[in-house]
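Structure file query.pdb (PDB, C-alpha atoms and all ligand atoms) is printed below.
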ATOM      1  CA  MET A   1       0.000   0.000   0.000
ATOM      2  CA  SER A   2       1.301   3.438  -0.924
ATOM      3  CA  ARG A   3       2.346   5.743   1.871
ATOM      4  CA  ILE A   4       1.576   9.422   2.167
ATOM      5  CA  VAL A   5       4.828  11.386   2.210
ATOM      6  CA  TYR A   6       5.362  15.014   3.191
ATOM      7  CA  VAL A   7       7.486  17.144   0.824
ATOM      8  CA  SER A   8       7.992  20.846   1.547
ATOM      9  CA  GLY A   9       4.378  21.792   2.239
ATOM     10  CA  ASP A  10       2.489  18.954   0.525
ATOM     11  CA  PHE A  11       1.197  15.550   1.600
ATOM     12  CA  LEU A  12       1.543  13.310  -1.482
ATOM     13  CA  PRO A  13       1.290   9.618  -2.405
ATOM     14  CA  GLU A  14       4.885   8.308  -2.308
ATOM     15  CA  GLU A  15       4.961   7.744  -6.114
ATOM     16  CA  GLU A  16       4.339  11.470  -6.618
ATOM     17  CA  ALA A  17       6.769  12.724  -3.970
ATOM     18  CA  LYS A  18       9.824  14.117  -5.789
ATOM     19  CA  VAL A  19      13.011  16.029  -4.954
ATOM     20  CA  SER A  20      15.252  17.790  -7.511
ATOM     21  CA  VAL A  21      18.462  16.172  -8.796
ATOM     22  CA  PHE A  22      20.100  19.484  -7.777
ATOM     23  CA  ASP A  23      19.054  19.069  -4.158
ATOM     24  CA  ARG A  24      22.109  19.605  -1.961
ATOM     25  CA  GLY A  25      21.072  16.612   0.121
ATOM     26  CA  PHE A  26      21.677  14.512  -3.023
ATOM     27  CA  THR A  27      24.851  16.222  -4.293
ATOM     28  CA  PHE A  28      26.614  17.084  -0.994
ATOM     29  CA  ALA A  29      24.743  15.259   1.806
ATOM     30  CA  ASP A  30      24.183  18.854   2.966
ATOM     31  CA  GLY A  31      21.346  18.041   5.313
ATOM     32  CA  ILE A  32      20.188  16.805   8.688
ATOM     33  CA  TYR A  33      17.786  14.032   9.680
ATOM     34  CA  GLU A  34      15.860  12.677  12.634
ATOM     35  CA  VAL A  35      14.054   9.438  13.366
ATOM     36  CA  THR A  36      11.317   9.404  16.002
ATOM     37  CA  ALA A  37       9.802   6.147  17.243
ATOM     38  CA  VAL A  38       6.059   5.506  17.195
ATOM     39  CA  ILE A  39       4.772   2.970  19.699
ATOM     40  CA  ASP A  40       1.058   2.201  20.065
ATOM     41  CA  GLY A  41       0.330   5.236  17.907
ATOM     42  CA  LYS A  42       2.322   7.592  20.189
ATOM     43  CA  LEU A  43       5.329   9.611  19.020
ATOM     44  CA  VAL A  44       8.044   8.914  21.596
ATOM     45  CA  ASP A  45      10.190  11.764  22.986
ATOM     46  CA  LEU A  46       9.300  13.906  19.968
ATOM     47  CA  ASP A  47      10.223  17.215  21.594
ATOM     48  CA  ALA A  48      13.733  15.946  22.406
ATOM     49  CA  HIS A  49      14.190  14.801  18.794
ATOM     50  CA  LEU A  50      13.074  18.209  17.527
ATOM     51  CA  ALA A  51      15.424  19.965  19.955
ATOM     52  CA  ARG A  52      18.329  17.861  18.618
ATOM     53  CA  LEU A  53      17.192  18.645  15.051
ATOM     54  CA  GLU A  54      17.332  22.368  15.822
ATOM     55  CA  ARG A  55      20.791  21.958  17.324
ATOM     56  CA  SER A  56      22.124  19.938  14.361
ATOM     57  CA  CYS A  57      20.720  22.501  11.902
ATOM     58  CA  GLY A  58      22.246  25.331  13.943
ATOM     59  CA  GLU A  59      25.668  23.655  13.809
ATOM     60  CA  ILE A  60      25.621  23.701   9.984
ATOM     61  CA  ARG A  61      23.737  27.049   9.740
ATOM     62  CA  LEU A  62      20.731  25.536   8.022
ATOM     63  CA  ASP A  63      17.519  27.461   8.716
ATOM     64  CA  LEU A  64      14.636  25.124   9.461
ATOM     65  CA  PRO A  65      11.595  26.090   7.392
ATOM     66  CA  CYS A  66       9.139  25.390  10.261
ATOM     67  CA  SER A  67       8.844  26.071  13.969
ATOM     68  CA  ARG A  68       9.130  23.250  16.501
ATOM     69  CA  ALA A  69       5.350  23.349  17.052
ATOM     70  CA  GLU A  70       4.714  23.108  13.301
ATOM     71  CA  LEU A  71       7.134  20.183  12.988
ATOM     72  CA  ALA A  72       5.425  18.411  15.892
ATOM     73  CA  ALA A  73       2.033  18.911  14.210
ATOM     74  CA  LEU A  74       3.421  17.574  10.896
ATOM     75  CA  HIS A  75       4.728  14.446  12.647
ATOM     76  CA  ALA A  76       1.324  13.785  14.210
ATOM     77  CA  GLU A  77      -0.539  14.485  10.953
ATOM     78  CA  LEU A  78       1.749  12.235   8.883
ATOM     79  CA  ALA A  79       1.461   9.372  11.382
ATOM     80  CA  ARG A  80      -2.340   9.829  11.371
ATOM     81  CA  ARG A  81      -2.624   9.903   7.571
ATOM     82  CA  ASN A  82      -0.606   6.688   7.335
ATOM     83  CA  GLY A  83      -2.398   4.952  10.199
ATOM     84  CA  LEU A  84       1.009   4.345  11.777
ATOM     85  CA  THR A  85       0.811   2.578  15.126
ATOM     86  CA  SER A  86       4.286   1.021  15.342
ATOM     87  CA  GLY A  87       7.525   2.138  13.677
ATOM     88  CA  GLY A  88       8.924   5.578  13.122
ATOM     89  CA  VAL A  89       8.767   8.922  11.378
ATOM     90  CA  TYR A  90      11.838   9.922   9.347
ATOM     91  CA  LEU A  91      12.497  13.625   8.765
ATOM     92  CA  GLN A  92      15.166  15.090   6.496
ATOM     93  CA  VAL A  93      15.908  18.736   5.862
ATOM     94  CA  THR A  94      18.461  19.849   3.295
ATOM     95  CA  ARG A  95      19.806  23.231   2.255
ATOM     96  CA  GLY A  96      17.637  23.038  -0.882
ATOM     97  CA  ALA A  97      17.967  22.653  -4.655
ATOM     98  CA  VAL A  98      20.333  24.873  -6.641
ATOM     99  CA  ASP A  99      23.015  24.445  -9.338
ATOM    100  CA  ARG A 100      26.029  22.613  -7.866
ATOM    101  CA  SER A 101      28.474  24.909  -6.083
ATOM    102  CA  PHE A 102      30.083  24.187  -2.694
ATOM    103  CA  PRO A 103      29.461  27.328  -0.589
ATOM    104  CA  PHE A 104      26.057  28.021   0.941
ATOM    105  CA  PRO A 105      23.622  29.327  -1.696
ATOM    106  CA  THR A 106      21.460  32.353  -0.941
ATOM    107  CA  GLY A 107      17.764  32.845  -1.557
ATOM    108  CA  ILE A 108      16.714  29.210  -1.799
ATOM    109  CA  ARG A 109      14.221  27.303   0.310
ATOM    110  CA  PRO A 110      15.351  24.293   2.357
ATOM    111  CA  THR A 111      13.810  20.961   1.326
ATOM    112  CA  LEU A 112      11.815  19.243   4.070
ATOM    113  CA  VAL A 113      10.836  15.609   3.580
ATOM    114  CA  MET A 114       9.085  13.304   6.029
ATOM    115  CA  PHE A 115       7.907   9.717   5.674
ATOM    116  CA  THR A 116       6.735   6.926   7.928
ATOM    117  CA  GLN A 117       8.179   3.432   8.279
ATOM    118  CA  ALA A 118       6.035   0.735   9.848
ATOM    119  CA  ARG A 119       8.064  -1.644  12.015
ATOM    120  CA  ALA A 120       7.118  -4.209  14.671
ATOM    121  CA  MET A 121       8.165  -2.927  18.115
ATOM    122  CA  PRO A 122       7.703  -5.861  20.514
ATOM    123  CA  ARG A 123       7.730  -5.098  24.224
ATOM    124  CA  GLN A 124      10.276  -7.880  24.695
ATOM    125  CA  VAL A 125      12.573  -9.550  22.185
ATOM    126  CA  SER A 126      13.223 -13.293  22.250
ATOM    127  CA  ARG A 127      16.583 -12.897  20.509
ATOM    128  CA  GLY A 128      19.288 -10.266  20.971
ATOM    129  CA  TYR A 129      21.270  -8.540  18.245
ATOM    130  CA  LYS A 130      24.431 -10.027  16.795
ATOM    131  CA  LEU A 131      27.118  -7.355  16.442
ATOM    132  CA  LEU A 132      30.156  -7.121  14.180
ATOM    133  CA  SER A 133      33.064  -4.903  15.238
ATOM    134  CA  VAL A 134      34.351  -2.616  12.471
ATOM    135  CA  PRO A 135      36.693   0.388  12.331
ATOM    136  CA  ASP A 136      34.926   3.740  12.704
ATOM    137  CA  LEU A 137      35.590   5.559   9.417
ATOM    138  CA  ARG A 138      33.412   8.651  10.042
ATOM    139  CA  TRP A 139      34.085  12.385  10.075
ATOM    140  CA  LYS A 140      34.852  14.330  13.269
ATOM    141  CA  ARG A 141      31.413  15.934  13.941
ATOM    142  CA  ARG A 142      29.346  12.873  14.761
ATOM    143  CA  ASP A 143      27.327  14.924  17.242
ATOM    144  CA  ILE A 144      25.580  16.424  14.190
ATOM    145  CA  LYS A 145      22.886  14.124  12.811
ATOM    146  CA  SER A 146      24.101  14.573   9.233
ATOM    147  CA  VAL A 147      22.627  12.655   6.296
ATOM    148  CA  GLY A 148      26.252  11.888   5.259
ATOM    149  CA  LEU A 149      26.032   8.251   6.327
ATOM    150  CA  LEU A 150      28.316   6.418   3.885
ATOM    151  CA  ALA A 151      30.621   5.113   6.630
ATOM    152  CA  GLN A 152      27.600   3.734   8.499
ATOM    153  CA  VAL A 153      26.229   2.183   5.299
ATOM    154  CA  LEU A 154      29.548   0.351   4.811
ATOM    155  CA  ALA A 155      29.708  -0.654   8.478
ATOM    156  CA  LYS A 156      26.168  -1.993   8.507
ATOM    157  CA  GLN A 157      26.623  -3.751   5.154
ATOM    158  CA  ALA A 158      29.695  -5.537   6.551
ATOM    159  CA  ALA A 159      27.574  -6.532   9.569
ATOM    160  CA  ALA A 160      24.736  -7.770   7.358
ATOM    161  CA  GLU A 161      27.147  -9.805   5.202
ATOM    162  CA  ALA A 162      28.478 -11.441   8.380
ATOM    163  CA  GLY A 163      24.926 -12.394   9.396
ATOM    164  CA  CYS A 164      24.823  -9.675  12.071
ATOM    165  CA  ASP A 165      22.150  -7.125  12.968
ATOM    166  CA  GLU A 166      24.329  -4.125  13.805
ATOM    167  CA  ALA A 167      27.909  -2.878  13.579
ATOM    168  CA  LEU A 168      29.992  -1.879  16.590
ATOM    169  CA  MET A 169      32.358   0.910  15.564
ATOM    170  CA  ILE A 170      35.846   1.127  17.054
ATOM    171  CA  GLU A 171      38.329   3.992  17.085
ATOM    172  CA  ASP A 172      41.593   4.391  19.005
ATOM    173  CA  GLY A 173      41.024   1.086  20.793
ATOM    174  CA  VAL A 174      37.594   1.984  22.215
ATOM    175  CA  ILE A 175      34.030   1.543  21.005
ATOM    176  CA  THR A 176      32.452   4.750  19.719
ATOM    177  CA  GLU A 177      28.887   3.578  19.055
ATOM    178  CA  GLY A 178      26.768   1.212  17.012
ATOM    179  CA  GLY A 179      26.297   1.752  13.271
ATOM    180  CA  SER A 180      23.042   3.560  14.061
ATOM    181  CA  SER A 181      22.793   3.206  17.829
ATOM    182  CA  THR A 182      24.371   4.078  21.169
ATOM    183  CA  ALA A 183      26.460   1.277  22.707
ATOM    184  CA  TRP A 184      26.376   0.264  26.383
ATOM    185  CA  ILE A 185      27.847  -2.532  28.466
ATOM    186  CA  VAL A 186      26.645  -3.792  31.845
ATOM    187  CA  ARG A 187      28.908  -4.984  34.653
ATOM    188  CA  ASP A 188      27.635  -5.844  38.124
ATOM    189  CA  ARG A 189      24.354  -3.925  37.586
ATOM    190  CA  THR A 190      26.252  -0.833  36.387
ATOM    191  CA  LEU A 191      25.584   0.512  32.914
ATOM    192  CA  ILE A 192      28.596   1.929  31.125
ATOM    193  CA  SER A 193      28.424   4.239  28.104
ATOM    194  CA  ARG A 194      30.897   6.771  26.811
ATOM    195  CA  PRO A 195      30.497  10.494  27.489
ATOM    196  CA  LEU A 196      28.930  12.759  24.906
ATOM    197  CA  SER A 197      31.363  14.636  22.678
ATOM    198  CA  ASN A 198      31.913  15.352  18.996
ATOM    199  CA  ALA A 199      32.800  11.659  18.625
ATOM    200  CA  VAL A 200      29.239  10.339  19.076
ATOM    201  CA  LEU A 201      25.630  11.281  18.426
ATOM    202  CA  PRO A 202      23.843  12.381  21.615
ATOM    203  CA  GLY A 203      21.213   9.633  21.538
ATOM    204  CA  ILE A 204      17.692  10.554  22.590
ATOM    205  CA  THR A 205      17.093   6.952  23.646
ATOM    206  CA  ARG A 206      20.294   7.201  25.715
ATOM    207  CA  ALA A 207      18.928  10.310  27.445
ATOM    208  CA  ALA A 208      15.564   8.585  27.970
ATOM    209  CA  VAL A 209      17.192   5.547  29.605
ATOM    210  CA  LEU A 210      19.322   7.757  31.874
ATOM    211  CA  SER A 211      16.230   9.720  32.932
ATOM    212  CA  TYR A 212      14.633   6.633  34.505
ATOM    213  CA  LEU A 213      17.743   4.707  35.525
ATOM    214  CA  ALA A 214      17.500   5.803  39.171
ATOM    215  CA  GLU A 215      14.183   4.003  39.640
ATOM    216  CA  THR A 216      15.714   0.677  38.501
ATOM    217  CA  GLY A 217      18.472   0.477  41.108
ATOM    218  CA  PHE A 218      21.071   0.154  38.360
ATOM    219  CA  SER A 219      23.884   2.681  38.339
ATOM    220  CA  PHE A 220      25.688   4.519  35.565
ATOM    221  CA  GLU A 221      29.332   5.024  34.778
ATOM    222  CA  GLU A 222      30.104   7.404  31.949
ATOM    223  CA  ARG A 223      33.321   6.277  30.270
ATOM    224  CA  ALA A 224      34.645   4.746  27.095
ATOM    225  CA  PHE A 225      35.119   0.975  26.973
ATOM    226  CA  THR A 226      37.030  -1.476  24.802
ATOM    227  CA  LEU A 227      35.911  -4.394  22.679
ATOM    228  CA  GLU A 228      37.592  -6.732  25.189
ATOM    229  CA  GLU A 229      35.467  -5.261  28.004
ATOM    230  CA  ALA A 230      32.332  -5.642  25.899
ATOM    231  CA  LEU A 231      33.178  -9.293  25.199
ATOM    232  CA  ALA A 232      33.592  -9.914  28.951
ATOM    233  CA  ALA A 233      30.526  -7.880  30.019
ATOM    234  CA  ASP A 234      27.444  -9.296  31.749
ATOM    235  CA  GLU A 235      25.332  -7.674  29.034
ATOM    236  CA  VAL A 236      25.754  -5.494  25.977
ATOM    237  CA  ILE A 237      22.934  -3.163  24.917
ATOM    238  CA  VAL A 238      22.379  -0.861  21.955
ATOM    239  CA  THR A 239      19.783   1.908  21.993
ATOM    240  CA  ALA A 240      18.174   3.886  19.167
ATOM    241  CA  ALA A 241      14.782   5.187  18.067
ATOM    242  CA  THR A 242      14.572   2.223  15.677
ATOM    243  CA  SER A 243      15.643  -0.638  17.964
ATOM    244  CA  LEU A 244      14.720   1.065  21.289
ATOM    245  CA  VAL A 245      16.526  -0.752  24.128
ATOM    246  CA  MET A 246      18.009  -3.790  22.393
ATOM    247  CA  PRO A 247      20.074  -6.539  24.053
ATOM    248  CA  ALA A 248      23.091  -7.683  22.061
ATOM    249  CA  THR A 249      23.934 -11.324  22.661
ATOM    250  CA  GLU A 250      26.883 -11.876  20.356
ATOM    251  CA  ILE A 251      29.908  -9.888  19.178
ATOM    252  CA  ASP A 252      32.097 -11.216  16.349
ATOM    253  CA  GLY A 253      30.564 -14.660  16.831
ATOM    254  CA  GLN A 254      31.281 -14.787  20.584
ATOM    255  CA  PRO A 255      28.293 -15.051  22.932
ATOM    256  CA  ILE A 256      27.808 -12.325  25.559
ATOM    257  CA  GLY A 257      26.482 -13.142  29.024
ATOM    258  CA  GLY A 258      25.218 -16.611  28.134
ATOM    259  CA  GLY A 259      23.942 -15.602  24.719
ATOM    260  CA  GLN A 260      20.452 -14.649  25.940
ATOM    261  CA  PRO A 261      18.871 -11.186  26.453
ATOM    262  CA  GLY A 262      19.850 -10.163  29.987
ATOM    263  CA  PRO A 263      17.754  -8.865  32.897
ATOM    264  CA  VAL A 264      19.049  -5.273  32.727
ATOM    265  CA  ALA A 265      18.167  -4.891  29.039
ATOM    266  CA  ARG A 266      14.783  -6.515  29.608
ATOM    267  CA  ARG A 267      13.930  -4.223  32.528
ATOM    268  CA  LEU A 268      15.073  -1.060  30.728
ATOM    269  CA  ARG A 269      13.100  -1.999  27.620
ATOM    270  CA  GLU A 270       9.972  -2.642  29.664
ATOM    271  CA  ILE A 271      10.129   0.751  31.374
ATOM    272  CA  TYR A 272      10.804   2.419  28.014
ATOM    273  CA  PHE A 273       7.540   0.935  26.729
ATOM    274  CA  ASP A 274       5.601   1.937  29.856
ATOM    275  CA  LEU A 275       6.749   5.538  29.449
ATOM    276  CA  ALA A 276       6.150   5.501  25.663
ATOM    277  CA  ALA A 277       2.436   5.252  26.404
ATOM    278  CA  GLU A 278       2.762   8.750  27.893
ATOM    279  CA  GLY A 279       4.805  10.136  24.987
ATOM    280  CA  GLY A 280       8.203   9.026  26.277
ATOM    281  CA  ALA A 281      10.497   9.336  29.258
ATOM    282  CA  LEU A 282      11.609  12.875  28.423
ATOM    283  CA  GLY A 283       8.100  14.343  28.473
TER
HETATM  284  N1  LIG B   1      20.182   6.464  14.345
HETATM  285  N2  LIG B   1      24.365   6.818  17.201
HETATM  286  C1  LIG B   1      24.187   6.834  15.866
HETATM  287  C2  LIG B   1      25.380   6.861  14.988
HETATM  288  C3  LIG B   1      22.897   6.822  15.322
HETATM  289  O1  LIG B   1      22.729   6.856  13.985
HETATM  290  C4  LIG B   1      21.780   6.754  16.197
HETATM  291  C5  LIG B   1      20.363   6.748  15.696
HETATM  292  C6  LIG B   1      22.011   6.723  17.583
HETATM  293  C7  LIG B   1      20.899   6.692  18.583
HETATM  294  O2  LIG B   1      20.192   7.889  18.631
HETATM  295  P1  LIG B   1      18.665   7.940  19.073
HETATM  296  O3  LIG B   1      18.572   7.197  20.353
HETATM  297  O4  LIG B   1      18.368   9.367  19.213
HETATM  298  O5  LIG B   1      17.865   7.252  17.963
HETATM  299  C8  LIG B   1      23.323   6.768  18.039
HETATM  300  C9  LIG B   1      18.869   6.507  13.715
HETATM  301  C10 LIG B   1      17.800   5.789  14.465
HETATM  302  C11 LIG B   1      19.007   6.046  12.274
HETATM  303  O6  LIG B   1      19.978   6.462  11.664
HETATM  304  O7  LIG B   1      18.169   5.320  11.768
END
Mind converting the file's structure to structure tokens?
Ligand code: PDD
Amino acid sequence: MSRIVYVSGDFLPEEEAKVSVFDRGFTFADGIYEVTAVIDGKLVDLDAHLARLERSCGEIRLDLPCSRAELAALHAELARRNGLTSGGVYLQVTRGAVDRSFPFPTGIRPTLVMFTQARAMPRQVSRGYKLLSVPDLRWKRRDIKSVGLLAQVLAKQAAAEAGCDEALMIEDGVITEGGSSTAWIVRDRTLISRPLSNAVLPGITRAAVLSYLAETGFSFEERAFTLEEALAADEVIVTAATSLVMPATEIDGQPIGGGQPGPVARRLREIYFDLAAEGGALG
């Protein structure tokens, strides 16, 4: 069934939704994106995603064509028009369409595209992700949610070819993040994830998990960790708006913590779902 897609002011059947070949998203990856989860028909932590969108756009001096309230209304309207109950809304904004020339153009309108992706979001998973470690080949401003994702495409393709679900990217001997997720390990009921910096995307799911961690009795240590530590951890978890709180049960063919989804991941995923019913942990 054809989806309804939003393109710069219009809701159109996906076959009719078009962007110019001169769009700077296409020629330069000069754009920013967001993915917001939808669970039981509710957009999860939408305001936090829109705040990160505004920050990313600010960092590359791209003027968003709509206010945060307008973007929130567009998300809700698009989900409604597509009858989306489980999955996500993808948003991409680019600097617009103009003859190819590197510096910022003047006097053109940004392109704003949004579409839905239906995806099953089970409250619990019977099987954890298999991860493949790969070198992190990305640029130095990974805190910006840029549509320049070629390194992640290659990382995740390598993972897929190895029969894995996600890549685990490594730089200078430590794990940066998953191919499209934040990476965590668990040791003795303590969650460990690296600090935010230009080296990683500030995950909204990461922030959501941290916001309710206190009520679980688990603690948090913010530091980088190695592949060896991950292999020896009680649990490994990846978080993202697409996979939510996802246990990882294998890295490079080696089982983690018995090879089954662990209790910390299960508990954190359950609470995430409980809070999603109210629009997410971040309000
Ligand atoms: N990716 N790190 C990277 C490199 C990511 O691409 C993502 C999300 C995350 C997690 O961020 P969040 O919790 O806000 O989704 C971390 C999205 C889902 C994607 O590219 O599809």
Tell me, as a PyMOL selection string, which residues lie within 9 Å of Ile175 of chain A, counting all atoms listed in the file; anything in the same chain fewer than 2 positions away does not count.
chain A and resi 133+136+168-173+177-178+183+194+224-227+230
Sel. within 7 Å of pt (16.6, 23.2, 3.5), counting only C-alpha atoms, output as a PDB file with C-alpha atoms, in the coordinates of the input:
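This is the output file result.pdb:
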ATOM      1  CA  LEU A  62      20.731  25.536   8.022  1.00  0.00           C
ATOM      2  CA  ASP A  63      17.519  27.461   8.716  1.00  0.00           C
ATOM      3  CA  LEU A  64      14.636  25.124   9.461  1.00  0.00           C
ATOM      4  CA  PRO A  65      11.595  26.090   7.392  1.00  0.00           C
ATOM      5  CA  VAL A  93      15.908  18.736   5.862  1.00  0.00           C
ATOM      6  CA  THR A  94      18.461  19.849   3.295  1.00  0.00           C
ATOM      7  CA  ARG A  95      19.806  23.231   2.255  1.00  0.00           C
ATOM      8  CA  GLY A  96      17.637  23.038  -0.882  1.00  0.00           C
ATOM      9  CA  ARG A 109      14.221  27.303   0.310  1.00  0.00           C
ATOM     10  CA  PRO A 110      15.351  24.293   2.357  1.00  0.00           C
ATOM     11  CA  THR A 111      13.810  20.961   1.326  1.00  0.00           C
ATOM     12  CA  LEU A 112      11.815  19.243   4.070  1.00  0.00           C
TER      13      LEU A 112
END
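With atom CA of Glu221 of chain A on one side and atom CA of Val209 of chain A on the other, the separation reads 13.2 Å.
Here the question is which of A:Ala160, A:Cys57, A:Ala72, A:Val19 gets nearest to Leu43 of chain A using only C-alpha atoms, and that residue is A:Ala72.
With all atoms listed in the file counted, the chains near ligand LIG 1 (chain B) contribute these residues within 8 Å: Glu34, Val35, Thr36, His49, Arg142, Lys145, Gln152, Glu177, Gly178, Gly179, Ser180, Ser181, Thr182, Ala183, Val200, Leu201, Pro202, Gly203, Ile204, Thr205, Arg206, Ala207, Thr239, Ala240, Ala241, Thr242, Ser243 and Leu244 of chain A.
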For the residues in the current selection, export C-alpha atoms as a PDB file, in the frame of the given file.
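again.pdb was written with the following content:
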ATOM      1  CA  GLU A  34      15.860  12.677  12.634  1.00  0.00           C
ATOM      2  CA  VAL A  35      14.054   9.438  13.366  1.00  0.00           C
ATOM      3  CA  THR A  36      11.317   9.404  16.002  1.00  0.00           C
ATOM      4  CA  HIS A  49      14.190  14.801  18.794  1.00  0.00           C
ATOM      5  CA  ARG A 142      29.346  12.873  14.761  1.00  0.00           C
ATOM      6  CA  LYS A 145      22.886  14.124  12.811  1.00  0.00           C
ATOM      7  CA  GLN A 152      27.600   3.734   8.499  1.00  0.00           C
ATOM      8  CA  GLU A 177      28.887   3.578  19.055  1.00  0.00           C
ATOM      9  CA  GLY A 178      26.768   1.212  17.012  1.00  0.00           C
ATOM     10  CA  GLY A 179      26.297   1.752  13.271  1.00  0.00           C
ATOM     11  CA  SER A 180      23.042   3.560  14.061  1.00  0.00           C
ATOM     12  CA  SER A 181      22.793   3.206  17.829  1.00  0.00           C
ATOM     13  CA  THR A 182      24.371   4.078  21.169  1.00  0.00           C
ATOM     14  CA  ALA A 183      26.460   1.277  22.707  1.00  0.00           C
ATOM     15  CA  VAL A 200      29.239  10.339  19.076  1.00  0.00           C
ATOM     16  CA  LEU A 201      25.630  11.281  18.426  1.00  0.00           C
ATOM     17  CA  PRO A 202      23.843  12.381  21.615  1.00  0.00           C
ATOM     18  CA  GLY A 203      21.213   9.633  21.538  1.00  0.00           C
ATOM     19  CA  ILE A 204      17.692  10.554  22.590  1.00  0.00           C
ATOM     20  CA  THR A 205      17.093   6.952  23.646  1.00  0.00           C
ATOM     21  CA  ARG A 206      20.294   7.201  25.715  1.00  0.00           C
ATOM     22  CA  ALA A 207      18.928  10.310  27.445  1.00  0.00           C
ATOM     23  CA  THR A 239      19.783   1.908  21.993  1.00  0.00           C
ATOM     24  CA  ALA A 240      18.174   3.886  19.167  1.00  0.00           C
ATOM     25  CA  ALA A 241      14.782   5.187  18.067  1.00  0.00           C
ATOM     26  CA  THR A 242      14.572   2.223  15.677  1.00  0.00           C
ATOM     27  CA  SER A 243      15.643  -0.638  17.964  1.00  0.00           C
ATOM     28  CA  LEU A 244      14.720   1.065  21.289  1.00  0.00           C
TER      29      LEU A 244
END
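Straight-line separation from atom CA of Tyr129 of chain A to atom CA of Leu91 of chain A: 25.7 Å.
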Test item: residues at most 8 Å from Phe218 of chain A, only C-alpha atoms, excluding those fewer than 6 positions along its chain, as a ChimeraX atom specification:
/A:189-191
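What separates atom CA of Asp45 of chain A from atom CA of Arg123 of chain A is a distance of 17.1 Å.
Nearest-residue note for Ser193 of chain A: choosing from A:Ala155, A:Ala162, A:Ile237, A:Ala69, the minimum distance belongs to A:Ile237, counting only C-alpha atoms.
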Is there a way to get, as a VMD selection string, all residues within 12 Å of the point (16.4, 4.0, 38.4) in file coordinates, counting only C-alpha atoms?
chain A and resid 189 to 191 208 to 220 264 267 to 268 271 to 272
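With all atoms listed in the file as the basis for measurement, A:Met246 is the residue among A:Leu78, A:Asp252, A:Val21, A:Met246 that approaches Arg269 of chain A most closely.
Considering the residues A:Val245, A:Ala97, A:Leu53, A:Cys164 and counting all atoms listed in the file, Pro122 of chain A has its shortest atom-to-atom contact with A:Val245.
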For segment 221-235 of chain A in the structure I just supplied, write out N, CA and C atoms - as a PDB file, in the first residue's frame.
ATOM      1  N   GLU A 221      27.943   4.549  34.829  1.00  0.00           N
ATOM      2  CA  GLU A 221      29.332   5.024  34.778  1.00  0.00           C
ATOM      3  C   GLU A 221      29.567   5.531  33.358  1.00  0.00           C
ATOM      4  N   GLU A 222      29.938   6.807  33.270  1.00  0.00           N
ATOM      5  CA  GLU A 222      30.104   7.404  31.949  1.00  0.00           C
ATOM      6  C   GLU A 222      31.580   7.364  31.566  1.00  0.00           C
ATOM      7  N   ARG A 223      31.935   6.387  30.724  1.00  0.00           N
ATOM      8  CA  ARG A 223      33.321   6.277  30.270  1.00  0.00           C
ATOM      9  C   ARG A 223      33.369   5.413  29.018  1.00  0.00           C
ATOM     10  N   ALA A 224      34.457   5.573  28.281  1.00  0.00           N
ATOM     11  CA  ALA A 224      34.645   4.746  27.095  1.00  0.00           C
ATOM     12  C   ALA A 224      35.026   3.324  27.523  1.00  0.00           C
ATOM     13  N   PHE A 225      34.748   2.351  26.660  1.00  0.00           N
ATOM     14  CA  PHE A 225      35.119   0.975  26.973  1.00  0.00           C
ATOM     15  C   PHE A 225      35.624   0.283  25.711  1.00  0.00           C
ATOM     16  N   THR A 226      36.381  -0.772  25.925  1.00  0.00           N
ATOM     17  CA  THR A 226      37.030  -1.476  24.802  1.00  0.00           C
ATOM     18  C   THR A 226      36.170  -2.654  24.328  1.00  0.00           C
ATOM     19  N   LEU A 227      36.571  -3.187  23.197  1.00  0.00           N
ATOM     20  CA  LEU A 227      35.911  -4.394  22.679  1.00  0.00           C
ATOM     21  C   LEU A 227      36.109  -5.558  23.654  1.00  0.00           C
ATOM     22  N   GLU A 228      37.302  -5.629  24.250  1.00  0.00           N
ATOM     23  CA  GLU A 228      37.592  -6.732  25.189  1.00  0.00           C
ATOM     24  C   GLU A 228      36.641  -6.652  26.387  1.00  0.00           C
ATOM     25  N   GLU A 229      36.409  -5.423  26.885  1.00  0.00           N
ATOM     26  CA  GLU A 229      35.467  -5.261  28.004  1.00  0.00           C
ATOM     27  C   GLU A 229      34.055  -5.672  27.596  1.00  0.00           C
ATOM     28  N   ALA A 230      33.679  -5.299  26.375  1.00  0.00           N
ATOM     29  CA  ALA A 230      32.332  -5.642  25.899  1.00  0.00           C
ATOM     30  C   ALA A 230      32.180  -7.164  25.820  1.00  0.00           C
ATOM     31  N   LEU A 231      33.246  -7.833  25.335  1.00  0.00           N
ATOM     32  CA  LEU A 231      33.178  -9.293  25.199  1.00  0.00           C
ATOM     33  C   LEU A 231      33.068  -9.981  26.564  1.00  0.00           C
ATOM     34  N   ALA A 232      33.608  -9.317  27.608  1.00  0.00           N
ATOM     35  CA  ALA A 232      33.592  -9.914  28.951  1.00  0.00           C
ATOM     36  C   ALA A 232      32.436  -9.384  29.809  1.00  0.00           C
ATOM     37  N   ALA A 233      31.584  -8.534  29.225  1.00  0.00           N
ATOM     38  CA  ALA A 233      30.526  -7.880  30.019  1.00  0.00           C
ATOM     39  C   ALA A 233      29.409  -8.864  30.371  1.00  0.00           C
ATOM     40  N   ASP A 234      28.633  -8.502  31.416  1.00  0.00           N
ATOM     41  CA  ASP A 234      27.444  -9.296  31.749  1.00  0.00           C
ATOM     42  C   ASP A 234      26.413  -9.180  30.624  1.00  0.00           C
ATOM     43  N   GLU A 235      26.271  -7.922  30.126  1.00  0.00           N
ATOM     44  CA  GLU A 235      25.332  -7.674  29.034  1.00  0.00           C
ATOM     45  C   GLU A 235      25.903  -6.578  28.142  1.00  0.00           C
TER      46      GLU A 235
END
